[in-house]
>>> print(open('entry10.pdb').read())   # PDB, N, CA and C atoms
ATOM      1  N   MET O  11    -139.252 104.837  55.521  1.00  0.00           N
ATOM      2  CA  MET O  11    -138.723 104.643  56.872  1.00  0.00           C
ATOM      3  C   MET O  11    -139.911 104.397  57.798  1.00  0.00           C
ATOM      4  N   GLU O  12    -139.719 103.509  58.737  1.00  0.00           N
ATOM      5  CA  GLU O  12    -140.816 103.182  59.645  1.00  0.00           C
ATOM      6  C   GLU O  12    -141.165 104.370  60.540  1.00  0.00           C
ATOM      7  N   GLN O  13    -142.376 104.358  61.018  1.00  0.00           N
ATOM      8  CA  GLN O  13    -142.910 105.494  61.767  1.00  0.00           C
ATOM      9  C   GLN O  13    -142.134 105.770  63.060  1.00  0.00           C
ATOM     10  N   MET O  14    -141.676 104.755  63.746  1.00  0.00           N
ATOM     11  CA  MET O  14    -141.011 104.935  65.038  1.00  0.00           C
ATOM     12  C   MET O  14    -139.487 104.778  64.932  1.00  0.00           C
ATOM     13  N   ALA O  15    -138.927 105.075  63.778  1.00  0.00           N
ATOM     14  CA  ALA O  15    -137.484 104.926  63.569  1.00  0.00           C
ATOM     15  C   ALA O  15    -136.686 105.791  64.539  1.00  0.00           C
ATOM     16  N   TYR O  16    -137.276 106.887  64.987  1.00  0.00           N
ATOM     17  CA  TYR O  16    -136.535 107.775  65.887  1.00  0.00           C
ATOM     18  C   TYR O  16    -136.209 107.093  67.205  1.00  0.00           C
ATOM     19  N   ILE O  17    -136.995 106.120  67.620  1.00  0.00           N
ATOM     20  CA  ILE O  17    -136.740 105.422  68.883  1.00  0.00           C
ATOM     21  C   ILE O  17    -135.406 104.687  68.808  1.00  0.00           C
ATOM     22  N   ARG O  18    -135.184 103.965  67.724  1.00  0.00           N
ATOM     23  CA  ARG O  18    -133.919 103.248  67.535  1.00  0.00           C
ATOM     24  C   ARG O  18    -132.764 104.249  67.410  1.00  0.00           C
ATOM     25  N   ARG O  19    -132.992 105.317  66.657  1.00  0.00           N
ATOM     26  CA  ARG O  19    -131.932 106.299  66.451  1.00  0.00           C
ATOM     27  C   ARG O  19    -131.594 107.016  67.763  1.00  0.00           C
ATOM     28  N   MET O  20    -132.587 107.277  68.601  1.00  0.00           N
ATOM     29  CA  MET O  20    -132.356 107.940  69.888  1.00  0.00           C
ATOM     30  C   MET O  20    -131.412 107.091  70.750  1.00  0.00           C
ATOM     31  N   ARG O  21    -131.671 105.794  70.826  1.00  0.00           N
ATOM     32  CA  ARG O  21    -130.822 104.902  71.605  1.00  0.00           C
ATOM     33  C   ARG O  21    -129.431 104.788  70.982  1.00  0.00           C
ATOM     34  N   ASP O  22    -129.386 104.645  69.664  1.00  0.00           N
ATOM     35  CA  ASP O  22    -128.098 104.508  68.979  1.00  0.00           C
ATOM     36  C   ASP O  22    -127.227 105.742  69.176  1.00  0.00           C
ATOM     37  N   LEU O  23    -127.806 106.921  69.055  1.00  0.00           N
ATOM     38  CA  LEU O  23    -127.040 108.155  69.260  1.00  0.00           C
ATOM     39  C   LEU O  23    -126.499 108.227  70.690  1.00  0.00           C
ATOM     40  N   ARG O  24    -127.335 107.879  71.652  1.00  0.00           N
ATOM     41  CA  ARG O  24    -126.895 107.913  73.056  1.00  0.00           C
ATOM     42  C   ARG O  24    -125.738 106.940  73.269  1.00  0.00           C
ATOM     43  N   GLU O  25    -125.879 105.732  72.760  1.00  0.00           N
ATOM     44  CA  GLU O  25    -124.832 104.729  72.944  1.00  0.00           C
ATOM     45  C   GLU O  25    -123.558 105.103  72.175  1.00  0.00           C
ATOM     46  N   ASP O  26    -123.696 105.680  70.985  1.00  0.00           N
ATOM     47  CA  ASP O  26    -122.533 106.108  70.205  1.00  0.00           C
ATOM     48  C   ASP O  26    -121.718 107.171  70.938  1.00  0.00           C
ATOM     49  N   HIS O  27    -122.388 107.964  71.763  1.00  0.00           N
ATOM     50  CA  HIS O  27    -121.707 109.013  72.519  1.00  0.00           C
ATOM     51  C   HIS O  27    -121.299 108.545  73.920  1.00  0.00           C
ATOM     52  N   ASP O  28    -121.553 107.279  74.223  1.00  0.00           N
ATOM     53  CA  ASP O  28    -121.239 106.700  75.543  1.00  0.00           C
ATOM     54  C   ASP O  28    -121.915 107.448  76.686  1.00  0.00           C
ATOM     55  N   TYR O  29    -123.155 107.875  76.442  1.00  0.00           N
ATOM     56  CA  TYR O  29    -123.948 108.535  77.475  1.00  0.00           C
ATOM     57  C   TYR O  29    -124.874 107.516  78.131  1.00  0.00           C
ATOM     58  N   THR O  30    -125.113 107.705  79.409  1.00  0.00           N
ATOM     59  CA  THR O  30    -126.093 106.873  80.100  1.00  0.00           C
ATOM     60  C   THR O  30    -127.477 107.500  79.960  1.00  0.00           C
ATOM     61  N   GLN O  31    -128.491 106.708  80.195  1.00  0.00           N
ATOM     62  CA  GLN O  31    -129.844 107.255  80.199  1.00  0.00           C
ATOM     63  C   GLN O  31    -129.970 108.330  81.278  1.00  0.00           C
ATOM     64  N   ALA O  32    -129.347 108.112  82.415  1.00  0.00           N
ATOM     65  CA  ALA O  32    -129.417 109.087  83.505  1.00  0.00           C
ATOM     66  C   ALA O  32    -128.796 110.421  83.097  1.00  0.00           C
ATOM     67  N   TYR O  33    -127.671 110.374  82.368  1.00  0.00           N
ATOM     68  CA  TYR O  33    -127.025 111.609  81.922  1.00  0.00           C
ATOM     69  C   TYR O  33    -127.924 112.377  80.955  1.00  0.00           C
ATOM     70  N   VAL O  34    -128.459 111.688  79.961  1.00  0.00           N
ATOM     71  CA  VAL O  34    -129.314 112.359  78.979  1.00  0.00           C
ATOM     72  C   VAL O  34    -130.568 112.889  79.667  1.00  0.00           C
ATOM     73  N   ALA O  35    -131.119 112.126  80.584  1.00  0.00           N
ATOM     74  CA  ALA O  35    -132.298 112.587  81.328  1.00  0.00           C
ATOM     75  C   ALA O  35    -131.987 113.878  82.079  1.00  0.00           C
ATOM     76  N   SER O  36    -130.785 113.973  82.646  1.00  0.00           N
ATOM     77  CA  SER O  36    -130.427 115.197  83.376  1.00  0.00           C
ATOM     78  C   SER O  36    -130.334 116.397  82.431  1.00  0.00           C
ATOM     79  N   ILE O  37    -129.857 116.182  81.211  1.00  0.00           N
ATOM     80  CA  ILE O  37    -129.808 117.252  80.205  1.00  0.00           C
ATOM     81  C   ILE O  37    -131.231 117.712  79.866  1.00  0.00           C
ATOM     82  N   LEU O  38    -132.166 116.758  79.821  1.00  0.00           N
ATOM     83  CA  LEU O  38    -133.561 117.061  79.475  1.00  0.00           C
ATOM     84  C   LEU O  38    -134.377 117.540  80.681  1.00  0.00           C
ATOM     85  N   HIS O  39    -133.770 117.524  81.857  1.00  0.00           N
ATOM     86  CA  HIS O  39    -134.465 117.901  83.092  1.00  0.00           C
ATOM     87  C   HIS O  39    -135.680 117.004  83.328  1.00  0.00           C
ATOM     88  N   THR O  40    -135.441 115.716  83.178  1.00  0.00           N
ATOM     89  CA  THR O  40    -136.482 114.724  83.426  1.00  0.00           C
ATOM     90  C   THR O  40    -135.851 113.557  84.170  1.00  0.00           C
ATOM     91  N   SER O  41    -136.638 112.587  84.539  1.00  0.00           N
ATOM     92  CA  SER O  41    -136.104 111.430  85.259  1.00  0.00           C
ATOM     93  C   SER O  41    -135.553 110.396  84.283  1.00  0.00           C
ATOM     94  N   GLN O  42    -134.685 109.548  84.801  1.00  0.00           N
ATOM     95  CA  GLN O  42    -134.152 108.458  83.991  1.00  0.00           C
ATOM     96  C   GLN O  42    -135.281 107.527  83.572  1.00  0.00           C
ATOM     97  N   THR O  43    -136.250 107.325  84.447  1.00  0.00           N
ATOM     98  CA  THR O  43    -137.392 106.463  84.145  1.00  0.00           C
ATOM     99  C   THR O  43    -138.180 107.007  82.956  1.00  0.00           C
ATOM    100  N   MET O  44    -138.440 108.301  82.946  1.00  0.00           N
ATOM    101  CA  MET O  44    -139.188 108.896  81.840  1.00  0.00           C
ATOM    102  C   MET O  44    -138.381 108.818  80.552  1.00  0.00           C
ATOM    103  N   TYR O  45    -137.079 109.082  80.643  1.00  0.00           N
ATOM    104  CA  TYR O  45    -136.254 108.988  79.436  1.00  0.00           C
ATOM    105  C   TYR O  45    -136.268 107.556  78.893  1.00  0.00           C
ATOM    106  N   ALA O  46    -136.189 106.581  79.765  1.00  0.00           N
ATOM    107  CA  ALA O  46    -136.234 105.175  79.336  1.00  0.00           C
ATOM    108  C   ALA O  46    -137.557 104.885  78.625  1.00  0.00           C
ATOM    109  N   ARG O  47    -138.633 105.500  79.094  1.00  0.00           N
ATOM    110  CA  ARG O  47    -139.936 105.321  78.441  1.00  0.00           C
ATOM    111  C   ARG O  47    -139.924 105.920  77.035  1.00  0.00           C
ATOM    112  N   TYR O  48    -139.229 107.040  76.844  1.00  0.00           N
ATOM    113  CA  TYR O  48    -139.096 107.610  75.499  1.00  0.00           C
ATOM    114  C   TYR O  48    -138.348 106.638  74.594  1.00  0.00           C
ATOM    115  N   GLU O  49    -137.242 106.072  75.100  1.00  0.00           N
ATOM    116  CA  GLU O  49    -136.447 105.150  74.291  1.00  0.00           C
ATOM    117  C   GLU O  49    -137.203 103.876  73.935  1.00  0.00           C
ATOM    118  N   ARG O  50    -138.113 103.458  74.796  1.00  0.00           N
ATOM    119  CA  ARG O  50    -138.910 102.258  74.517  1.00  0.00           C
ATOM    120  C   ARG O  50    -140.131 102.560  73.660  1.00  0.00           C
ATOM    121  N   GLY O  51    -140.464 103.827  73.521  1.00  0.00           N
ATOM    122  CA  GLY O  51    -141.644 104.198  72.761  1.00  0.00           C
ATOM    123  C   GLY O  51    -142.922 104.146  73.585  1.00  0.00           C
ATOM    124  N   ALA O  52    -142.784 103.993  74.901  1.00  0.00           N
ATOM    125  CA  ALA O  52    -143.948 103.956  75.781  1.00  0.00           C
ATOM    126  C   ALA O  52    -144.569 105.349  75.928  1.00  0.00           C
ATOM    127  N   ASN O  53    -143.747 106.382  75.816  1.00  0.00           N
ATOM    128  CA  ASN O  53    -144.209 107.768  75.837  1.00  0.00           C
ATOM    129  C   ASN O  53    -143.647 108.470  74.611  1.00  0.00           C
ATOM    130  N   GLU O  54    -144.407 109.395  74.064  1.00  0.00           N
ATOM    131  CA  GLU O  54    -143.916 110.175  72.929  1.00  0.00           C
ATOM    132  C   GLU O  54    -142.957 111.246  73.423  1.00  0.00           C
ATOM    133  N   LEU O  55    -141.941 111.478  72.625  1.00  0.00           N
ATOM    134  CA  LEU O  55    -140.922 112.464  72.950  1.00  0.00           C
ATOM    135  C   LEU O  55    -141.472 113.865  72.673  1.00  0.00           C
ATOM    136  N   PRO O  56    -141.510 114.737  73.687  1.00  0.00           N
ATOM    137  CA  PRO O  56    -141.973 116.113  73.449  1.00  0.00           C
ATOM    138  C   PRO O  56    -141.024 116.861  72.506  1.00  0.00           C
ATOM    139  N   ILE O  57    -141.584 117.797  71.765  1.00  0.00           N
ATOM    140  CA  ILE O  57    -140.809 118.548  70.772  1.00  0.00           C
ATOM    141  C   ILE O  57    -139.643 119.294  71.415  1.00  0.00           C
ATOM    142  N   HIS O  58    -139.810 119.831  72.619  1.00  0.00           N
ATOM    143  CA  HIS O  58    -138.700 120.558  73.240  1.00  0.00           C
ATOM    144  C   HIS O  58    -137.557 119.607  73.599  1.00  0.00           C
ATOM    145  N   HIS O  59    -137.857 118.354  73.886  1.00  0.00           N
ATOM    146  CA  HIS O  59    -136.801 117.366  74.118  1.00  0.00           C
ATOM    147  C   HIS O  59    -136.128 116.992  72.802  1.00  0.00           C
ATOM    148  N   LEU O  60    -136.906 116.891  71.738  1.00  0.00           N
ATOM    149  CA  LEU O  60    -136.338 116.613  70.415  1.00  0.00           C
ATOM    150  C   LEU O  60    -135.305 117.681  70.063  1.00  0.00           C
ATOM    151  N   LEU O  61    -135.663 118.932  70.241  1.00  0.00           N
ATOM    152  CA  LEU O  61    -134.746 120.026  69.915  1.00  0.00           C
ATOM    153  C   LEU O  61    -133.473 119.960  70.754  1.00  0.00           C
ATOM    154  N   THR O  62    -133.622 119.675  72.032  1.00  0.00           N
ATOM    155  CA  THR O  62    -132.461 119.576  72.922  1.00  0.00           C
ATOM    156  C   THR O  62    -131.554 118.421  72.512  1.00  0.00           C
ATOM    157  N   LEU O  63    -132.152 117.277  72.177  1.00  0.00           N
ATOM    158  CA  LEU O  63    -131.356 116.114  71.776  1.00  0.00           C
ATOM    159  C   LEU O  63    -130.635 116.365  70.454  1.00  0.00           C
ATOM    160  N   CYS O  64    -131.272 117.049  69.530  1.00  0.00           N
ATOM    161  CA  CYS O  64    -130.610 117.385  68.262  1.00  0.00           C
ATOM    162  C   CYS O  64    -129.392 118.264  68.517  1.00  0.00           C
ATOM    163  N   GLN O  65    -129.516 119.201  69.439  1.00  0.00           N
ATOM    164  CA  GLN O  65    -128.375 120.055  69.784  1.00  0.00           C
ATOM    165  C   GLN O  65    -127.290 119.249  70.491  1.00  0.00           C
ATOM    166  N   LEU O  66    -127.690 118.382  71.408  1.00  0.00           N
ATOM    167  CA  LEU O  66    -126.735 117.569  72.161  1.00  0.00           C
ATOM    168  C   LEU O  66    -125.891 116.710  71.226  1.00  0.00           C
ATOM    169  N   TYR O  67    -126.531 116.091  70.246  1.00  0.00           N
ATOM    170  CA  TYR O  67    -125.837 115.184  69.341  1.00  0.00           C
ATOM    171  C   TYR O  67    -125.382 115.860  68.044  1.00  0.00           C
ATOM    172  N   ALA O  68    -125.674 117.136  67.885  1.00  0.00           N
ATOM    173  CA  ALA O  68    -125.293 117.905  66.684  1.00  0.00           C
ATOM    174  C   ALA O  68    -125.794 117.225  65.409  1.00  0.00           C
ATOM    175  N   VAL O  69    -127.082 116.891  65.406  1.00  0.00           N
ATOM    176  CA  VAL O  69    -127.723 116.286  64.239  1.00  0.00           C
ATOM    177  C   VAL O  69    -128.989 117.069  63.913  1.00  0.00           C
ATOM    178  N   SER O  70    -129.462 116.912  62.687  1.00  0.00           N
ATOM    179  CA  SER O  70    -130.706 117.568  62.299  1.00  0.00           C
ATOM    180  C   SER O  70    -131.894 116.788  62.852  1.00  0.00           C
ATOM    181  N   ALA O  71    -133.021 117.452  62.948  1.00  0.00           N
ATOM    182  CA  ALA O  71    -134.249 116.781  63.372  1.00  0.00           C
ATOM    183  C   ALA O  71    -134.640 115.702  62.365  1.00  0.00           C
ATOM    184  N   ASP O  72    -134.418 115.962  61.070  1.00  0.00           N
ATOM    185  CA  ASP O  72    -134.721 114.951  60.057  1.00  0.00           C
ATOM    186  C   ASP O  72    -133.914 113.680  60.297  1.00  0.00           C
ATOM    187  N   TYR O  73    -132.637 113.835  60.628  1.00  0.00           N
ATOM    188  CA  TYR O  73    -131.816 112.661  60.910  1.00  0.00           C
ATOM    189  C   TYR O  73    -132.334 111.943  62.151  1.00  0.00           C
ATOM    190  N   PHE O  74    -132.573 112.693  63.213  1.00  0.00           N
ATOM    191  CA  PHE O  74    -133.038 112.109  64.468  1.00  0.00           C
ATOM    192  C   PHE O  74    -134.338 111.336  64.264  1.00  0.00           C
ATOM    193  N   LEU O  75    -135.231 111.903  63.473  1.00  0.00           N
ATOM    194  CA  LEU O  75    -136.533 111.283  63.253  1.00  0.00           C
ATOM    195  C   LEU O  75    -136.498 110.142  62.228  1.00  0.00           C
ATOM    196  N   GLY O  76    -135.353 109.948  61.606  1.00  0.00           N
ATOM    197  CA  GLY O  76    -135.237 108.866  60.636  1.00  0.00           C
ATOM    198  C   GLY O  76    -135.707 109.236  59.256  1.00  0.00           C
ATOM    199  N   LEU O  77    -135.877 110.527  58.988  1.00  0.00           N
ATOM    200  CA  LEU O  77    -136.320 110.989  57.677  1.00  0.00           C
ATOM    201  C   LEU O  77    -135.158 111.177  56.717  1.00  0.00           C
ATOM    202  N   SER O  78    -133.942 111.199  57.270  1.00  0.00           N
ATOM    203  CA  SER O  78    -132.740 111.395  56.472  1.00  0.00           C
ATOM    204  C   SER O  78    -131.625 110.541  57.066  1.00  0.00           C
ATOM    205  N   ASP O  79    -130.685 110.154  56.234  1.00  0.00           N
ATOM    206  CA  ASP O  79    -129.520 109.435  56.722  1.00  0.00           C
ATOM    207  C   ASP O  79    -128.302 110.339  56.817  1.00  0.00           C
ATOM    208  N   MET O  80    -128.508 111.635  56.619  1.00  0.00           N
ATOM    209  CA  MET O  80    -127.412 112.607  56.720  1.00  0.00           C
ATOM    210  C   MET O  80    -127.555 113.385  58.034  1.00  0.00           C
ATOM    211  N   PRO O  81    -126.612 113.166  58.955  1.00  0.00           N
ATOM    212  CA  PRO O  81    -126.716 113.849  60.262  1.00  0.00           C
ATOM    213  C   PRO O  81    -126.716 115.346  60.146  1.00  0.00           C
TER     214      PRO O  81
END
>>> encode(input="entry10.pdb", output="structure tokens")
Amino acid sequence: MEQMAYIRRMRDLREDHDYTQAYVASILHTSQTMYARYERGANELPIHHLLTLCQLYAVSADYFLGLSDMP
């Protein structure tokens, strides 16, 4: 799996749940601009945001990071 597979999966999970970037950013207590930078890969996603997103989408970190295809 490619190194930055989580970027694609992050966007796909958000879109699959019909969430906006602004909504997810509010869950992470960050700005929509910063969240958009995470989705583009311009900034690395902090581990505490990874954990929050895994809980939000009810998936494992391995799935989110693209290490597994089993949510």
>>> atom_distance(input="entry10.pdb", atom1="atom CA of Glu49 of chain O", atom2="atom CA of Arg18 of chain O")
7.5 Å
>>> atom_distance(input="entry10.pdb", atom1="atom N of Phe74 of chain O", atom2="atom C of Glu25 of chain O")
14.8 Å
>>> select_by_dssp(input="entry10.pdb", residues="chain O", states="alpha helix (DSSP H)", output="PyMOL selection string")
chain O and resi 15-26+31-38+42-50+57-67+71-75
>>> resolve_selection(input="entry10.pdb", expression="the PyMOL selection byres (((chain O and resi 34 and name CA) around 12) and name CA)", output="PyMOL selection string")
chain O and resi 20-21+23-25+27-33+35-46+48-49+59-60+62-64+66-67
>>> write_last_selection(input="entry10.pdb", atoms="N, CA and C atoms", output="tab-separated table (two decimals), in the coordinates of the input")
chain	number	residue	atom	x	y	z
O	20	MET	N	-132.59	107.28	68.60
O	20	MET	CA	-132.36	107.94	69.89
O	20	MET	C	-131.41	107.09	70.75
O	21	ARG	N	-131.67	105.79	70.83
O	21	ARG	CA	-130.82	104.90	71.60
O	21	ARG	C	-129.43	104.79	70.98
O	23	LEU	N	-127.81	106.92	69.06
O	23	LEU	CA	-127.04	108.16	69.26
O	23	LEU	C	-126.50	108.23	70.69
O	24	ARG	N	-127.34	107.88	71.65
O	24	ARG	CA	-126.90	107.91	73.06
O	24	ARG	C	-125.74	106.94	73.27
O	25	GLU	N	-125.88	105.73	72.76
O	25	GLU	CA	-124.83	104.73	72.94
O	25	GLU	C	-123.56	105.10	72.18
O	27	HIS	N	-122.39	107.96	71.76
O	27	HIS	CA	-121.71	109.01	72.52
O	27	HIS	C	-121.30	108.54	73.92
O	28	ASP	N	-121.55	107.28	74.22
O	28	ASP	CA	-121.24	106.70	75.54
O	28	ASP	C	-121.92	107.45	76.69
O	29	TYR	N	-123.16	107.88	76.44
O	29	TYR	CA	-123.95	108.54	77.47
O	29	TYR	C	-124.87	107.52	78.13
O	30	THR	N	-125.11	107.70	79.41
O	30	THR	CA	-126.09	106.87	80.10
O	30	THR	C	-127.48	107.50	79.96
O	31	GLN	N	-128.49	106.71	80.19
O	31	GLN	CA	-129.84	107.26	80.20
O	31	GLN	C	-129.97	108.33	81.28
O	32	ALA	N	-129.35	108.11	82.42
O	32	ALA	CA	-129.42	109.09	83.50
O	32	ALA	C	-128.80	110.42	83.10
O	33	TYR	N	-127.67	110.37	82.37
O	33	TYR	CA	-127.02	111.61	81.92
O	33	TYR	C	-127.92	112.38	80.96
O	35	ALA	N	-131.12	112.13	80.58
O	35	ALA	CA	-132.30	112.59	81.33
O	35	ALA	C	-131.99	113.88	82.08
O	36	SER	N	-130.78	113.97	82.65
O	36	SER	CA	-130.43	115.20	83.38
O	36	SER	C	-130.33	116.40	82.43
O	37	ILE	N	-129.86	116.18	81.21
O	37	ILE	CA	-129.81	117.25	80.20
O	37	ILE	C	-131.23	117.71	79.87
O	38	LEU	N	-132.17	116.76	79.82
O	38	LEU	CA	-133.56	117.06	79.47
O	38	LEU	C	-134.38	117.54	80.68
O	39	HIS	N	-133.77	117.52	81.86
O	39	HIS	CA	-134.46	117.90	83.09
O	39	HIS	C	-135.68	117.00	83.33
O	40	THR	N	-135.44	115.72	83.18
O	40	THR	CA	-136.48	114.72	83.43
O	40	THR	C	-135.85	113.56	84.17
O	41	SER	N	-136.64	112.59	84.54
O	41	SER	CA	-136.10	111.43	85.26
O	41	SER	C	-135.55	110.40	84.28
O	42	GLN	N	-134.68	109.55	84.80
O	42	GLN	CA	-134.15	108.46	83.99
O	42	GLN	C	-135.28	107.53	83.57
O	43	THR	N	-136.25	107.32	84.45
O	43	THR	CA	-137.39	106.46	84.14
O	43	THR	C	-138.18	107.01	82.96
O	44	MET	N	-138.44	108.30	82.95
O	44	MET	CA	-139.19	108.90	81.84
O	44	MET	C	-138.38	108.82	80.55
O	45	TYR	N	-137.08	109.08	80.64
O	45	TYR	CA	-136.25	108.99	79.44
O	45	TYR	C	-136.27	107.56	78.89
O	46	ALA	N	-136.19	106.58	79.76
O	46	ALA	CA	-136.23	105.18	79.34
O	46	ALA	C	-137.56	104.88	78.62
O	48	TYR	N	-139.23	107.04	76.84
O	48	TYR	CA	-139.10	107.61	75.50
O	48	TYR	C	-138.35	106.64	74.59
O	49	GLU	N	-137.24	106.07	75.10
O	49	GLU	CA	-136.45	105.15	74.29
O	49	GLU	C	-137.20	103.88	73.94
O	59	HIS	N	-137.86	118.35	73.89
O	59	HIS	CA	-136.80	117.37	74.12
O	59	HIS	C	-136.13	116.99	72.80
O	60	LEU	N	-136.91	116.89	71.74
O	60	LEU	CA	-136.34	116.61	70.42
O	60	LEU	C	-135.30	117.68	70.06
O	62	THR	N	-133.62	119.68	72.03
O	62	THR	CA	-132.46	119.58	72.92
O	62	THR	C	-131.55	118.42	72.51
O	63	LEU	N	-132.15	117.28	72.18
O	63	LEU	CA	-131.36	116.11	71.78
O	63	LEU	C	-130.64	116.36	70.45
O	64	CYS	N	-131.27	117.05	69.53
O	64	CYS	CA	-130.61	117.38	68.26
O	64	CYS	C	-129.39	118.26	68.52
O	66	LEU	N	-127.69	118.38	71.41
O	66	LEU	CA	-126.74	117.57	72.16
O	66	LEU	C	-125.89	116.71	71.23
O	67	TYR	N	-126.53	116.09	70.25
O	67	TYR	CA	-125.84	115.18	69.34
O	67	TYR	C	-125.38	115.86	68.04
>>> residues_around(input="entry10.pdb", residues="Ser70 of chain O", least_positions_apart="6", cutoff="9 Å", atoms="only C-alpha atoms", output="PyMOL selection string")
chain O and resi 61+64+78+80-81
>>> closest_residue(input="entry10.pdb", among="O:Gln65, O:His58, O:Asp26, O:Gly51", to="Met14 of chain O", atoms="only N, CA and C atoms")
O:Gly51
>>> atom_distance(input="entry10.pdb", atom1="atom CA of Leu75 of chain O", atom2="atom C of Arg19 of chain O")
7.9 Å
>>> closest_residue(input="entry10.pdb", among="O:Arg47, O:Asp22, O:Glu54, O:Ala15", to="Leu77 of chain O", atoms="all atoms listed in the file")
O:Ala15
